[in-house]
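**Q** Pasting upload27.pdb here (PDB, C-alpha atoms and all ligand atoms):
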```pdb
ATOM      1  CA  MET Y   8     -26.994  78.357-140.572
ATOM      2  CA  LYS Y   9     -27.603  81.565-138.637
ATOM      3  CA  ILE Y  10     -26.209  80.398-135.266
ATOM      4  CA  PRO Y  11     -22.471  80.851-135.958
ATOM      5  CA  ALA Y  12     -23.156  84.401-137.100
ATOM      6  CA  ILE Y  13     -25.005  85.165-133.860
ATOM      7  CA  LEU Y  14     -22.256  83.539-131.794
ATOM      8  CA  SER Y  15     -19.575  85.586-133.478
ATOM      9  CA  MET Y  16     -21.638  88.696-132.863
ATOM     10  CA  LEU Y  17     -21.862  87.802-129.174
ATOM     11  CA  LEU Y  18     -18.113  87.257-129.016
ATOM     12  CA  PHE Y  19     -17.679  90.640-130.555
ATOM     13  CA  VAL Y  20     -20.134  92.322-128.205
ATOM     14  CA  ILE Y  21     -19.078  90.772-124.901
ATOM     15  CA  PRO Y  22     -15.559  92.231-124.706
ATOM     16  CA  MET Y  23     -17.016  95.707-125.287
ATOM     17  CA  TRP Y  24     -19.361  95.249-122.327
ATOM     18  CA  LEU Y  25     -16.453  94.091-120.214
ATOM     19  CA  THR Y  26     -14.409  97.194-120.980
ATOM     20  CA  ASP Y  27     -17.451  99.256-120.129
ATOM     21  CA  PHE Y  28     -17.892  97.688-116.708
ATOM     22  CA  THR Y  29     -14.281  97.376-115.614
ATOM     23  CA  LYS Y  30     -14.000 101.174-115.669
ATOM     24  CA  ASP Y  31     -10.230 100.891-115.714
ATOM     25  CA  LYS Y  32      -9.715 103.787-118.039
ATOM     26  CA  LEU Y  33     -10.797 107.359-118.104
ATOM     27  CA  VAL Y  34     -14.170 107.784-119.761
ATOM     28  CA  VAL Y  35     -15.457 111.315-119.630
ATOM     29  CA  PHE Y  36     -19.154 111.696-120.313
ATOM     30  CA  ALA Y  37     -19.957 115.197-119.123
ATOM     31  CA  SER Y  38     -17.618 118.175-119.204
ATOM     32  CA  LEU Y  39     -19.350 120.975-117.336
ATOM     33  CA  SER Y  40     -17.346 124.129-117.929
ATOM     34  CA  TYR Y  41     -20.609 126.115-117.928
ATOM     35  CA  TYR Y  42     -20.080 127.358-114.340
ATOM     36  CA  SER Y  43     -16.884 129.152-115.481
ATOM     37  CA  CYS Y  44     -13.358 129.076-114.135
ATOM     38  CA  ASP Y  45     -12.307 132.649-113.299
ATOM     39  CA  PHE Y  46     -10.378 132.728-110.028
ATOM     40  CA  ASP Y  47      -9.280 136.385-110.290
ATOM     41  CA  GLY Y  48     -12.682 137.683-111.416
ATOM     42  CA  ASP Y  49     -11.591 139.541-114.572
ATOM     43  CA  LYS Y  50     -14.201 137.682-116.669
ATOM     44  CA  LEU Y  51     -11.454 135.842-118.576
ATOM     45  CA  THR Y  52     -11.214 132.065-118.181
ATOM     46  CA  ASP Y  53      -8.240 130.878-116.154
ATOM     47  CA  LEU Y  54      -6.975 127.541-117.453
ATOM     48  CA  ALA Y  55      -6.419 124.911-114.770
ATOM     49  CA  VAL Y  56      -5.579 121.204-114.495
ATOM     50  CA  TRP Y  57      -6.093 118.909-111.505
ATOM     51  CA  ASP Y  58      -3.844 116.057-110.449
ATOM     52  CA  SER Y  59      -6.078 113.681-108.471
ATOM     53  CA  ASN Y  60      -3.077 111.571-107.369
ATOM     54  CA  SER Y  61      -1.502 114.428-105.449
ATOM     55  CA  ASN Y  62      -4.584 116.673-104.968
ATOM     56  CA  LYS Y  63      -2.700 119.502-106.642
ATOM     57  CA  LEU Y  64      -4.106 122.233-108.852
ATOM     58  CA  TYR Y  65      -2.005 123.813-111.593
ATOM     59  CA  PHE Y  66      -3.439 127.019-113.017
ATOM     60  CA  GLN Y  67      -2.636 130.267-114.788
ATOM     61  CA  LEU Y  68      -4.325 133.554-113.907
ATOM     62  CA  THR Y  69      -5.276 135.874-116.755
ATOM     63  CA  SER Y  70      -4.688 138.993-114.598
ATOM     64  CA  ASP Y  71      -0.926 138.456-114.065
ATOM     65  CA  ARG Y  72      -0.215 135.691-116.646
ATOM     66  CA  LYS Y  73       1.629 133.771-113.882
ATOM     67  CA  PHE Y  74       1.482 130.020-113.270
ATOM     68  CA  TYR Y  75       0.472 128.659-109.870
ATOM     69  CA  GLU Y  76       0.726 125.266-108.230
ATOM     70  CA  LYS Y  77      -1.456 124.710-105.164
ATOM     71  CA  GLN Y  78      -1.637 121.684-102.884
ATOM     72  CA  PHE Y  79      -5.088 121.287-101.341
ATOM     73  CA  PHE Y  80      -5.261 118.149 -99.219
ATOM     74  CA  ASP Y  81      -2.608 116.223 -97.303
ATOM     75  CA  ASN Y  82      -4.598 113.007 -96.919
ATOM     76  CA  ASN Y  83      -4.832 110.152 -99.407
ATOM     77  CA  LEU Y  84      -8.488 110.703-100.216
ATOM     78  CA  SER Y  85      -9.277 111.850-103.704
ATOM     79  CA  TYR Y  86     -11.256 115.019-104.283
ATOM     80  CA  GLN Y  87     -13.053 116.325-107.382
ATOM     81  CA  PRO Y  88     -13.103 120.006-108.370
ATOM     82  CA  VAL Y  89     -16.644 121.496-108.447
ATOM     83  CA  PHE Y  90     -15.618 125.029-109.293
ATOM     84  CA  ALA Y  91     -18.221 127.816-109.372
ATOM     85  CA  ASP Y  92     -18.862 131.131-107.631
ATOM     86  CA  TYR Y  93     -20.617 130.107-104.397
ATOM     87  CA  ASP Y  94     -20.436 133.473-102.577
ATOM     88  CA  GLY Y  95     -21.482 135.714-105.470
ATOM     89  CA  ASP Y  96     -18.427 138.008-105.622
ATOM     90  CA  GLY Y  97     -17.695 137.191-109.275
ATOM     91  CA  LYS Y  98     -14.633 135.065-108.479
ATOM     92  CA  THR Y  99     -14.666 131.302-108.871
ATOM     93  CA  ASP Y 100     -14.156 129.557-105.529
ATOM     94  CA  PHE Y 101     -11.846 126.553-105.221
ATOM     95  CA  THR Y 102     -14.393 123.935-104.213
ATOM     96  CA  PHE Y 103     -14.014 120.184-103.933
ATOM     97  CA  PHE Y 104     -16.218 117.152-103.394
ATOM     98  CA  GLN Y 105     -15.024 113.977-101.692
ATOM     99  CA  PRO Y 106     -17.050 111.237-103.428
ATOM    100  CA  ASP Y 107     -16.778 108.571-100.685
ATOM    101  CA  SER Y 108     -18.085 110.731 -97.847
ATOM    102  CA  GLY Y 109     -20.086 113.487 -99.573
ATOM    103  CA  GLU Y 110     -17.913 116.147 -97.988
ATOM    104  CA  TRP Y 111     -17.718 119.545 -99.690
ATOM    105  CA  VAL Y 112     -14.748 121.822 -99.017
ATOM    106  CA  LEU Y 113     -15.224 125.415-100.143
ATOM    107  CA  TYR Y 114     -12.434 128.007-100.180
ATOM    108  CA  LEU Y 115     -14.687 131.038-100.615
ATOM    109  CA  THR Y 116     -12.943 134.089-102.097
ATOM    110  CA  SER Y 117     -14.889 136.252 -99.624
ATOM    111  CA  GLY Y 118     -13.667 134.082 -96.728
ATOM    112  CA  VAL Y 119     -10.514 134.392 -94.651
ATOM    113  CA  GLY Y 120      -8.645 131.374 -95.974
ATOM    114  CA  VAL Y 121     -10.323 128.856 -93.689
ATOM    115  CA  PRO Y 122     -12.354 126.499 -95.867
ATOM    116  CA  LYS Y 123     -16.055 125.990 -95.260
ATOM    117  CA  LYS Y 124     -16.909 122.307 -94.904
ATOM    118  CA  MET Y 125     -20.239 120.551 -95.205
ATOM    119  CA  PHE Y 126     -21.680 117.163 -96.040
ATOM    120  CA  VAL Y 127     -24.122 117.078 -98.951
ATOM    121  CA  GLY Y 128     -24.523 113.722-100.662
ATOM    122  CA  SER Y 129     -22.874 110.357-100.263
ATOM    123  CA  ILE Y 130     -21.203 107.589-102.226
ATOM    124  CA  GLY Y 131     -22.413 107.345-105.828
ATOM    125  CA  ASP Y 132     -23.715 110.927-105.960
ATOM    126  CA  LEU Y 133     -22.567 113.463-108.535
ATOM    127  CA  PRO Y 134     -21.797 116.979-107.288
ATOM    128  CA  ILE Y 135     -23.410 119.719-109.384
ATOM    129  CA  PRO Y 136     -23.549 123.465-108.672
ATOM    130  CA  SER Y 137     -27.037 124.925-109.107
ATOM    131  CA  ASN Y 138     -28.781 128.243-108.813
ATOM    132  CA  ILE Y 139     -32.483 127.471-108.896
ATOM    133  CA  ASP Y 140     -33.473 130.630-106.997
ATOM    134  CA  GLY Y 141     -31.650 132.950-109.391
ATOM    135  CA  ASP Y 142     -29.591 134.936-106.880
ATOM    136  CA  LYS Y 143     -25.962 135.903-107.582
ATOM    137  CA  SER Y 144     -24.353 132.740-106.273
ATOM    138  CA  TYR Y 145     -24.332 129.021-106.936
ATOM    139  CA  ASP Y 146     -25.336 126.541-104.256
ATOM    140  CA  VAL Y 147     -23.920 123.105-103.567
ATOM    141  CA  GLY Y 148     -26.118 120.250-104.712
ATOM    142  CA  ILE Y 149     -26.006 116.690-105.912
ATOM    143  CA  TRP Y 150     -27.736 114.415-108.387
ATOM    144  CA  ARG Y 151     -28.284 110.880-107.139
ATOM    145  CA  PRO Y 152     -28.205 108.521-110.159
ATOM    146  CA  ASN Y 153     -29.750 105.466-108.472
ATOM    147  CA  ALA Y 154     -32.739 107.494-107.251
ATOM    148  CA  GLY Y 155     -32.936 109.832-110.250
ATOM    149  CA  GLY Y 156     -33.153 112.659-107.720
ATOM    150  CA  TRP Y 157     -31.751 116.149-107.319
ATOM    151  CA  TYR Y 158     -30.909 117.401-103.841
ATOM    152  CA  LEU Y 159     -30.716 121.170-104.162
ATOM    153  CA  SER Y 160     -30.834 124.375-102.192
ATOM    154  CA  ASN Y 161     -33.563 126.977-102.577
ATOM    155  CA  ILE Y 162     -34.552 130.266-100.936
ATOM    156  CA  SER Y 163     -37.368 129.938 -98.401
ATOM    157  CA  GLU Y 164     -40.129 132.531 -97.947
ATOM    158  CA  ALA Y 165     -38.269 133.746 -94.854
ATOM    159  CA  GLY Y 166     -35.163 134.354 -96.967
ATOM    160  CA  GLY Y 167     -32.973 131.491 -95.735
ATOM    161  CA  LYS Y 168     -31.760 128.540 -97.770
ATOM    162  CA  VAL Y 169     -33.830 125.370 -97.567
ATOM    163  CA  PRO Y 170     -33.248 121.969 -99.159
ATOM    164  CA  LYS Y 171     -35.337 121.014-102.158
ATOM    165  CA  ILE Y 172     -35.679 117.582-103.758
ATOM    166  CA  ILE Y 173     -36.764 117.173-107.367
ATOM    167  CA  TYR Y 174     -36.991 113.825-109.173
ATOM    168  CA  GLU Y 175     -35.717 113.673-112.720
ATOM    169  CA  GLY Y 176     -33.395 111.442-114.709
ATOM    170  CA  SER Y 177     -32.360 107.815-114.639
ATOM    171  CA  TYR Y 178     -29.218 105.922-113.775
ATOM    172  CA  GLN Y 179     -27.123 106.178-116.973
ATOM    173  CA  ASP Y 180     -27.860 109.849-117.649
ATOM    174  CA  SER Y 181     -25.405 112.707-117.763
ATOM    175  CA  ALA Y 182     -26.869 115.372-115.486
ATOM    176  CA  PHE Y 183     -26.252 119.085-115.099
ATOM    177  CA  THR Y 184     -27.943 122.365-114.333
ATOM    178  CA  GLY Y 185     -28.026 125.217-116.843
ATOM    179  CA  ASP Y 186     -30.283 128.108-117.705
ATOM    180  CA  TYR Y 187     -31.926 126.843-120.891
ATOM    181  CA  ASP Y 188     -35.027 129.072-120.821
ATOM    182  CA  GLY Y 189     -33.067 132.233-119.985
ATOM    183  CA  ASP Y 190     -34.791 133.468-116.792
ATOM    184  CA  GLY Y 191     -31.563 133.548-114.749
ATOM    185  CA  LYS Y 192     -32.452 130.406-112.784
ATOM    186  CA  SER Y 193     -30.926 126.971-113.313
ATOM    187  CA  ASP Y 194     -32.983 124.377-115.160
ATOM    188  CA  LEU Y 195     -32.419 120.687-114.432
ATOM    189  CA  ILE Y 196     -31.155 118.850-117.476
ATOM    190  CA  VAL Y 197     -30.223 115.233-118.115
ATOM    191  CA  TRP Y 198     -28.908 113.745-121.329
ATOM    192  CA  ARG Y 199     -29.666 110.077-121.952
ATOM    193  CA  PRO Y 200     -26.886 108.342-123.919
ATOM    194  CA  ASP Y 201     -29.109 105.389-125.035
ATOM    195  CA  ASP Y 202     -31.312 107.497-127.282
ATOM    196  CA  GLY Y 203     -29.505 110.853-127.266
ATOM    197  CA  VAL Y 204     -32.474 112.697-125.742
ATOM    198  CA  TRP Y 205     -32.042 115.746-123.491
ATOM    199  CA  HIS Y 206     -34.765 116.062-120.833
ATOM    200  CA  ILE Y 207     -35.187 119.597-119.487
ATOM    201  CA  VAL Y 208     -37.171 120.443-116.359
ATOM    202  CA  LYS Y 209     -37.475 124.226-116.489
ATOM    203  CA  SER Y 210     -37.515 126.865-113.797
ATOM    204  CA  THR Y 211     -40.180 128.761-115.776
ATOM    205  CA  THR Y 212     -42.571 125.821-115.185
ATOM    206  CA  SER Y 213     -41.675 125.774-111.450
ATOM    207  CA  PHE Y 214     -39.809 122.511-112.153
ATOM    208  CA  ASN Y 215     -43.016 120.762-113.197
ATOM    209  CA  PHE Y 216     -41.937 117.308-114.372
ATOM    210  CA  ASN Y 217     -45.065 117.032-116.576
ATOM    211  CA  GLN Y 218     -43.849 120.000-118.611
ATOM    212  CA  THR Y 219     -40.411 118.528-119.294
ATOM    213  CA  GLU Y 220     -39.029 119.398-122.723
ATOM    214  CA  HIS Y 221     -37.522 116.473-124.666
ATOM    215  CA  ILE Y 222     -35.002 117.147-127.417
ATOM    216  CA  GLN Y 223     -33.143 114.515-129.434
ATOM    217  CA  HIS Y 224     -29.554 115.570-130.129
ATOM    218  CA  GLY Y 225     -26.455 113.366-130.072
ATOM    219  CA  LYS Y 226     -25.784 109.659-129.689
ATOM    220  CA  GLU Y 227     -24.184 107.151-127.328
ATOM    221  CA  TRP Y 228     -20.534 107.832-126.372
ATOM    222  CA  ASP Y 229     -20.847 111.561-127.051
ATOM    223  CA  ILE Y 230     -19.573 113.884-124.324
ATOM    224  CA  ILE Y 231     -21.865 116.723-123.329
ATOM    225  CA  VAL Y 232     -20.203 120.188-123.209
ATOM    226  CA  PRO Y 233     -23.137 122.547-122.585
ATOM    227  CA  ASN Y 234     -22.601 126.318-122.433
ATOM    228  CA  ASP Y 235     -24.044 129.563-123.789
ATOM    229  CA  TYR Y 236     -22.135 129.598-127.093
ATOM    230  CA  ASP Y 237     -23.987 132.539-128.695
ATOM    231  CA  GLY Y 238     -24.136 134.786-125.626
ATOM    232  CA  ASP Y 239     -27.929 135.190-125.460
ATOM    233  CA  GLY Y 240     -28.152 134.082-121.818
ATOM    234  CA  LYS Y 241     -29.477 130.629-122.664
ATOM    235  CA  CYS Y 242     -27.476 127.434-122.254
ATOM    236  CA  ASP Y 243     -27.092 125.625-125.579
ATOM    237  CA  LEU Y 244     -27.160 121.825-125.941
ATOM    238  CA  VAL Y 245     -23.735 120.807-127.217
ATOM    239  CA  LEU Y 246     -21.855 117.528-127.560
ATOM    240  CA  TRP Y 247     -18.390 116.507-128.642
ATOM    241  CA  ARG Y 248     -17.963 113.264-130.568
ATOM    242  CA  LYS Y 249     -14.606 111.647-129.914
ATOM    243  CA  SER Y 250     -14.697 109.398-133.004
ATOM    244  CA  ASN Y 251     -14.697 112.332-135.449
ATOM    245  CA  GLN Y 252     -13.647 115.155-133.087
ATOM    246  CA  THR Y 253     -16.737 117.137-134.007
ATOM    247  CA  TRP Y 254     -18.743 119.530-131.854
ATOM    248  CA  TYR Y 255     -22.523 119.350-132.418
ATOM    249  CA  PHE Y 256     -24.418 122.487-131.425
ATOM    250  CA  LYS Y 257     -28.156 122.911-130.879
ATOM    251  CA  TYR Y 258     -28.973 126.466-129.911
ATOM    252  CA  ALA Y 259     -31.541 127.151-127.183
ATOM    253  CA  LYS Y 260     -32.875 130.298-128.887
ATOM    254  CA  ASP Y 261     -34.362 128.575-131.985
ATOM    255  CA  GLY Y 262     -33.207 124.949-132.106
ATOM    256  CA  SER Y 263     -30.863 125.637-135.038
ATOM    257  CA  GLN Y 264     -27.817 123.424-135.405
ATOM    258  CA  ASN Y 265     -24.153 123.740-136.280
ATOM    259  CA  GLU Y 266     -21.068 121.511-136.384
ATOM    260  CA  ILE Y 267     -17.396 122.324-135.926
ATOM    261  CA  LYS Y 268     -14.538 119.840-136.203
ATOM    262  CA  PHE Y 269     -11.961 120.643-133.549
ATOM    263  CA  GLY Y 270      -9.739 118.729-131.138
ATOM    264  CA  GLY Y 271      -7.675 115.539-131.083
ATOM    265  CA  VAL Y 272      -9.000 112.034-130.529
ATOM    266  CA  ASN Y 273      -7.439 111.774-127.032
ATOM    267  CA  ASP Y 274      -8.566 115.201-125.878
ATOM    268  CA  ILE Y 275     -11.049 116.188-123.181
ATOM    269  CA  PRO Y 276     -13.388 118.947-124.388
ATOM    270  CA  ALA Y 277     -14.292 122.080-122.435
ATOM    271  CA  SER Y 278     -15.273 125.685-123.072
ATOM    272  CA  GLY Y 279     -14.520 129.087-121.622
ATOM    273  CA  ASP Y 280     -14.287 132.742-122.595
ATOM    274  CA  ILE Y 281     -10.602 133.363-123.226
ATOM    275  CA  ASP Y 282     -10.799 136.787-124.937
ATOM    276  CA  GLY Y 283     -13.588 138.313-122.828
ATOM    277  CA  ASP Y 284     -16.193 138.975-125.542
ATOM    278  CA  GLY Y 285     -18.819 136.967-123.650
ATOM    279  CA  ILE Y 286     -18.706 134.036-126.079
ATOM    280  CA  PRO Y 287     -16.982 130.869-124.821
ATOM    281  CA  GLU Y 288     -14.177 129.475-126.937
ATOM    282  CA  LEU Y 289     -13.915 125.766-127.714
ATOM    283  CA  ILE Y 290     -11.145 124.289-125.575
ATOM    284  CA  THR Y 291      -9.604 120.849-125.417
ATOM    285  CA  TRP Y 292      -6.958 119.393-123.102
ATOM    286  CA  ASP Y 293      -4.728 116.584-124.295
ATOM    287  CA  PRO Y 294      -3.630 114.747-121.108
ATOM    288  CA  GLY Y 295      -0.989 112.764-123.030
ATOM    289  CA  VAL Y 296       1.068 115.578-124.530
ATOM    290  CA  LYS Y 297      -0.205 118.057-121.851
ATOM    291  CA  LYS Y 298      -1.425 120.627-124.291
ATOM    292  CA  TRP Y 299      -4.354 123.021-124.400
ATOM    293  CA  ASN Y 300      -6.001 123.712-127.760
ATOM    294  CA  VAL Y 301      -8.257 126.737-128.079
ATOM    295  CA  LEU Y 302     -10.496 127.639-131.006
ATOM    296  CA  ASN Y 303     -12.051 131.081-131.169
ATOM    297  CA  PHE Y 304     -14.697 130.198-133.729
ATOM    298  CA  LYS Y 305     -15.958 133.787-134.051
ATOM    299  CA  LYS Y 306     -12.536 135.123-135.002
ATOM    300  CA  GLN Y 307     -11.395 131.856-136.627
ATOM    301  CA  GLU Y 308      -8.252 131.844-134.475
ATOM    302  CA  LEU Y 309      -6.477 128.782-133.156
ATOM    303  CA  PHE Y 310      -4.084 128.649-130.195
ATOM    304  CA  SER Y 311      -2.295 125.935-128.282
ATOM    305  CA  TYR Y 312      -0.363 125.999-125.014
ATOM    306  CA  GLN Y 313       1.974 123.308-123.744
ATOM    307  CA  TRP Y 314       2.116 122.901-119.950
ATOM    308  CA  ASN Y 315       4.815 121.276-117.872
ATOM    309  CA  VAL Y 316       2.607 119.276-115.460
ATOM    310  CA  PRO Y 317       2.395 115.609-114.345
ATOM    311  CA  GLY Y 318       1.052 113.191-116.941
ATOM    312  CA  ASN Y 319      -2.207 112.216-115.256
ATOM    313  CA  CYS Y 320      -3.628 115.718-114.898
ATOM    314  CA  VAL Y 321      -7.107 116.397-116.262
ATOM    315  CA  SER Y 322      -8.689 119.740-117.036
ATOM    316  CA  ALA Y 323      -9.977 121.175-113.753
ATOM    317  CA  ILE Y 324     -13.145 122.616-115.191
ATOM    318  CA  SER Y 325     -16.153 122.863-112.923
ATOM    319  CA  VAL Y 326     -17.260 119.246-113.082
ATOM    320  CA  LEU Y 327     -15.890 116.346-115.037
ATOM    321  CA  GLN Y 328     -18.294 113.432-114.670
ATOM    322  CA  ARG Y 329     -16.328 110.337-115.494
ATOM    323  CA  ASN Y 330     -15.622 106.678-114.932
ATOM    324  CA  GLU Y 331     -12.141 105.361-114.323
TER     325      GLU Y 331
HETATM  326 CA    CA Y 401      -9.518 135.235-115.034
HETATM  327 CA    CA Y 402     -16.384 133.660-105.126
HETATM  328 CA    CA Y 403     -34.092 128.784-116.244
HETATM  329 CA    CA Y 404     -14.663 134.584-126.389
END
```
Written as structure tokens, how would this file's structure read?
**A**
Amino acid sequence: MKIPAILSMLLFVIPMWLTDFTKDKLVVFASLSYYSCDFDGDKLTDLAVWDSNSNKLYFQLTSDRKFYEKQFFDNNLSYQPVFADYDGDGKTDFTFFQPDSGEWVLYLTSGVGVPKKMFVGSIGDLPIPSNIDGDKSYDVGIWRPNAGGWYLSNISEAGGKVPKIIYEGSYQDSAFTGDYDGDGKSDLIVWRPDDGVWHIVKSTTSFNFNQTEHIQHGKEWDIIVPNDYDGDGKCDLVLWRKSNQTWYFKYAKDGSQNEIKFGGVNDIPASGDIDGDGIPELITWDPGVKKWNVLNFKKQELFSYQWNVPGNCVSAISVLQRNE
């Protein structure tokens, strides 16, 4: 009899689906540290964690080695960090997205302390910095999962910024922008967990969907951690697999691959240049024991830093796409 076997399989499968849909625990699926986190502009990554319960940022600057604690919002709404350099002065701007209203709040380092506010996106949208025109600064933008659409900003012929809509991706994808072809302009990239395929709509094809590049790399439940890990100006396709704590690299320059085992099973992966040689280090944050782990894989050096912060803090890298 085959039926009991099928029934037991169903019983086994159903609870997994339920955990997936209840979204009652933190599931990170995209850790976008590619846009860098350098508040003081010395080209060294400043580590930071965000407490979404209190809307507080805890960070350490590399220029003075001091720790800072900064309260951003007094209301009970929850905000997500979308850190990048939006005014082009080389310093990362404290920027936040309110997911229920689509409000962006930008504390530009070139500004006078008064935040710039705007509404781009609405409920269900994912905030993603992009630079599709290749100037010095990132622009605010969103990816709308249920429409598979990007709502971006571009330079018009007159020189001003104009909205641009490009369709790419489907509902379950992890989406981000990164310069994969190395022309200085963001390419639009989605990674599909079902089959592990990255779909890349490139700036060098004028975002022509018919010339999308498709690359299989990774499998379901991996977390994407894209960055330029060899310093050639091209964003490499990289994933971290929680089950074996292994980083899987696929380099943009020639498609070659590499693997590095690093991090703990409860960690959240990230990347950032800690020593200033232009190559990002592998970084993980353990929210349970509140500890950073850093691997400089070029120098084969390992560091860890314990922080005295509230227990529910998560790494405040540019964008952490997640379900809770
Ligand atoms: Ca810094
Ligand atoms: Ca800035
Ligand atoms: Ca590009
Ligand atoms: Ca480095």
**Q** Apply the PyMOL selection byres (((chain Y and resi 134) around 7) and not hetatm) to the structure shown and report the selected residues as a ChimeraX atom specification.
**A** /Y:89,104,132-133,135-136,148-150
**Q** Could those selected residues go to a file with C-alpha atoms, as a PDB file, in the coordinates of the input?
**A**
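Writing done, so here's again-v3.pdb:
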```pdb
ATOM      1  CA  VAL Y  89     -16.644 121.496-108.447  1.00  0.00           C
ATOM      2  CA  PHE Y 104     -16.218 117.152-103.394  1.00  0.00           C
ATOM      3  CA  ASP Y 132     -23.715 110.927-105.960  1.00  0.00           C
ATOM      4  CA  LEU Y 133     -22.567 113.463-108.535  1.00  0.00           C
ATOM      5  CA  ILE Y 135     -23.410 119.719-109.384  1.00  0.00           C
ATOM      6  CA  PRO Y 136     -23.549 123.465-108.672  1.00  0.00           C
ATOM      7  CA  GLY Y 148     -26.118 120.250-104.712  1.00  0.00           C
ATOM      8  CA  ILE Y 149     -26.006 116.690-105.912  1.00  0.00           C
ATOM      9  CA  TRP Y 150     -27.736 114.415-108.387  1.00  0.00           C
TER      10      TRP Y 150
END
```
**Q** Residues at most 8 Å from ligand CA 402 (chain Y), using all atoms listed in the file? Could they come as a PyMOL selection string?
**A** chain Y and resi 46+91-100+115-117
**Q** Given the file shown, determine the residues that the PyMOL selection byres (((chain Y and resi 105) around 8) and not hetatm) selects; report them as number ranges by chain.
**A** Y: 84-87, 103-104, 106-111
**Q** Rounded to one decimal place, report the atom CA of Y:Gly283-atom CA of Y:Asp243 distance in Å.
**A**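 Atom CA of Y:Gly283 sits 18.7 Å away from atom CA of Y:Asp243.
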**Q** What is the distance between atom CA of Y:Glu164 and atom CA of Y:Asn138, in Å to one decimal?
**A** 16.3 Å
**Q** Name each residue within 8 Å of ligand CA 401 (chain Y), counting all atoms listed in the file, as JSON, numbers by chain.
**A** {"Y": [44, 45, 46, 47, 48, 49, 50, 51, 52, 53, 68, 69, 70]}
